[in-house]
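Notes to accompany the following structure.
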Amino acid sequence: MSVKIKLEKNSCIKNAYTGFSWTLFFFGFWVPLFRLKLKDFFMFLLFFAVKIFAFYLLFKEVYNIGYSIMVLKKMEISYYILTPITLLLVAFNLNIWLAFFYNKYYTTNLLIDGFYTLENDEKSVAILKDYSYLPYSEEELIDSERMERYSVFSKKARKSEKIKVIIFSVLILLYYITIILIALLNNKN
């Protein structure tokens, strides 16, 4: 998960987020729905439909290859199989990109809509200013004690995000290594 911040407008408190959106990466179109952003929900639902269509095309081509091997006793591979593979690779990379930027988009829209940090919530203010959602005032820049407190909050938030990225990268790497090993072991048989 990313760093959670509470924002308020007219006594209505909403959660805002900074950093990589793990929930968007794994759950896709459900995230905007739960955050009550219907326009975003429909866009992500359309993106999900494109991914499902690409999977359908891929499985159809894999079935055709299997059919030609099992029934026709010859291997006929069409270059058509490259289309769903390319679509899925693009969709996967786009999904990662969206997960990096969706929380910034969502939080920025809340701030534009008039939401602000809770009173005396220095941690949220520090994180929003460190992630460049809010500008530093001249008064804050002069106050070295406050800037030091902001720095502590920001470093802690950035460190937790960095650990999550490292864990994610290692898991992706292990996933690809496992897929390659399975493919190599299947080719030996």
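Residue names in the structure tokens use chain letters A, B, ... in the order shown, residue numbers from 1 in each chain, and ligand numbers from 1 in the order shown.
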
Region 150-163 of chain A surroundings by only C-alpha atoms, 12 Å radius, close-in-sequence under 4 positions cut, as number ranges by chain: A: 1-5, 17-22, 100, 121-132, 136, 140-141, 143-146, 167-170

Per-residue DSSP, chain A, filtered to strand (DSSP E), as JSON, numbers by chain: {"A": [3, 4, 5, 6, 7, 8, 9, 12, 13, 14, 15, 16, 17, 18, 116, 117]}

Between CA of Tyr80 (chain A) and CA of Val62 (chain A), distance in Å (one decimal):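 For CA of Tyr80 (chain A) relative to CA of Val62 (chain A), the distance reads 10.6 Å.
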
Env of Phe55 (chain A): 12 Å cut, atoms = only C-alpha atoms, seq-sep filter 2 positions within chain, self excluded. Answer as an mmCIF file with N, CA and C atoms, in the first residue's frame.
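For reference, selection29.cif as written:
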```cif
data_model
loop_
_atom_site.group_PDB
_atom_site.id
_atom_site.type_symbol
_atom_site.label_atom_id
_atom_site.label_comp_id
_atom_site.auth_asym_id
_atom_site.auth_seq_id
_atom_site.Cartn_x
_atom_site.Cartn_y
_atom_site.Cartn_z
ATOM 1 N N PHE A 48 -9.754 -2.966 -18.709
ATOM 2 C CA PHE A 48 -9.880 -4.365 -18.304
ATOM 3 C C PHE A 48 -10.491 -5.201 -19.427
ATOM 4 N N ALA A 49 -11.496 -4.655 -20.118
ATOM 5 C CA ALA A 49 -12.135 -5.379 -21.224
ATOM 6 C C ALA A 49 -11.136 -5.635 -22.354
ATOM 7 N N VAL A 50 -10.262 -4.673 -22.622
ATOM 8 C CA VAL A 50 -9.229 -4.874 -23.646
ATOM 9 C C VAL A 50 -8.288 -6.009 -23.228
ATOM 10 N N LYS A 51 -7.930 -6.055 -21.943
ATOM 11 C CA LYS A 51 -7.061 -7.147 -21.467
ATOM 12 C C LYS A 51 -7.758 -8.497 -21.585
ATOM 13 N N ILE A 52 -9.032 -8.559 -21.258
ATOM 14 C CA ILE A 52 -9.785 -9.815 -21.380
ATOM 15 C C ILE A 52 -9.852 -10.248 -22.841
ATOM 16 N N PHE A 53 -10.081 -9.302 -23.744
ATOM 17 C CA PHE A 53 -10.116 -9.618 -25.167
ATOM 18 C C PHE A 53 -8.761 -10.155 -25.637
ATOM 19 N N LEU A 57 -7.984 -13.828 -27.279
ATOM 20 C CA LEU A 57 -7.259 -14.067 -28.527
ATOM 21 C C LEU A 57 -6.070 -15.000 -28.308
ATOM 22 N N LEU A 58 -5.365 -14.799 -27.207
ATOM 23 C CA LEU A 58 -4.203 -15.644 -26.914
ATOM 24 C C LEU A 58 -4.623 -17.099 -26.712
ATOM 25 N N PHE A 59 -5.636 -17.324 -25.884
ATOM 26 C CA PHE A 59 -6.071 -18.696 -25.625
ATOM 27 C C PHE A 59 -6.639 -19.355 -26.888
ATOM 28 N N LYS A 60 -7.289 -18.564 -27.720
ATOM 29 C CA LYS A 60 -7.809 -19.091 -28.981
ATOM 30 C C LYS A 60 -6.656 -19.571 -29.871
ATOM 31 N N GLU A 61 -5.606 -18.778 -29.963
ATOM 32 C CA GLU A 61 -4.450 -19.158 -30.778
ATOM 33 C C GLU A 61 -3.707 -20.355 -30.190
ATOM 34 N N VAL A 62 -3.572 -20.376 -28.870
ATOM 35 C CA VAL A 62 -2.918 -21.524 -28.226
ATOM 36 C C VAL A 62 -3.740 -22.783 -28.465
ATOM 37 N N ILE A 81 -0.611 -14.920 -33.427
ATOM 38 C CA ILE A 81 -0.435 -15.061 -31.977
ATOM 39 C C ILE A 81 0.372 -13.897 -31.399
ATOM 40 N N LEU A 82 1.126 -13.199 -32.239
ATOM 41 C CA LEU A 82 1.906 -12.057 -31.747
ATOM 42 C C LEU A 82 1.011 -10.887 -31.337
ATOM 43 N N THR A 83 -0.167 -10.770 -31.916
ATOM 44 C CA THR A 83 -1.068 -9.669 -31.593
ATOM 45 C C THR A 83 -1.497 -9.698 -30.125
ATOM 46 N N PRO A 84 -2.055 -10.816 -29.618
ATOM 47 C CA PRO A 84 -2.441 -10.794 -28.202
ATOM 48 C C PRO A 84 -1.244 -10.722 -27.252
ATOM 49 N N ILE A 85 -0.139 -11.317 -27.647
ATOM 50 C CA ILE A 85 1.056 -11.233 -26.788
ATOM 51 C C ILE A 85 1.511 -9.784 -26.682
ATOM 52 N N THR A 86 1.543 -9.088 -27.805
ATOM 53 C CA THR A 86 1.930 -7.673 -27.792
ATOM 54 C C THR A 86 0.934 -6.842 -26.995
ATOM 55 N N LEU A 87 -0.355 -7.082 -27.192
ATOM 56 C CA LEU A 87 -1.385 -6.360 -26.431
ATOM 57 C C LEU A 87 -1.216 -6.575 -24.925
ATOM 58 N N LEU A 88 -0.950 -7.811 -24.524
ATOM 59 C CA LEU A 88 -0.803 -8.104 -23.100
ATOM 60 C C LEU A 88 0.466 -7.486 -22.518
ATOM 61 N N LEU A 89 1.545 -7.484 -23.279
ATOM 62 C CA LEU A 89 2.772 -6.839 -22.799
ATOM 63 C C LEU A 89 2.567 -5.328 -22.632
ATOM 64 N N ALA A 91 -0.337 -3.851 -22.161
ATOM 65 C CA ALA A 91 -1.296 -3.663 -21.070
ATOM 66 C C ALA A 91 -0.617 -3.821 -19.709
#
```

Distance table requested - region 19-88 of chain A against region 108-120 of chain A, cut-off 12 Å, only C-alpha atoms: one row per qualifying residue with the closest atom pair and its distance in Å to one decimal, ordered by chain and rising residue number, as JSON lines.
```
{"residue": "A:Arg35", "atom": "CA", "partner": "A:Leu110", "partner_atom": "CA", "distance": 11.1}
{"residue": "A:Leu36", "atom": "CA", "partner": "A:Leu110", "partner_atom": "CA", "distance": 12.0}
{"residue": "A:Lys37", "atom": "CA", "partner": "A:Asn109", "partner_atom": "CA", "distance": 10.6}
{"residue": "A:Asp40", "atom": "CA", "partner": "A:Asn109", "partner_atom": "CA", "distance": 12.0}
```

Nearest to Asn15 (chain A), chosen from A:Ile142, A:Thr107, A:Asn187, A:Ala99, with only C-alpha atoms counted in the distances: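 When distances to Asn15 (chain A) are compared using only C-alpha atoms, the smallest one comes from A:Thr107.
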
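The spacing separating CA of Pro32 (chain A) from CA of Asn93 (chain A) amounts to 19.3 Å.
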
Å distance separating CA of Trp30 (chain A) from CA of Phe44 (chain A), one decimal place: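 Computing the Euclidean distance for CA of Trp30 (chain A) and CA of Phe44 (chain A) yields 8.4 Å.
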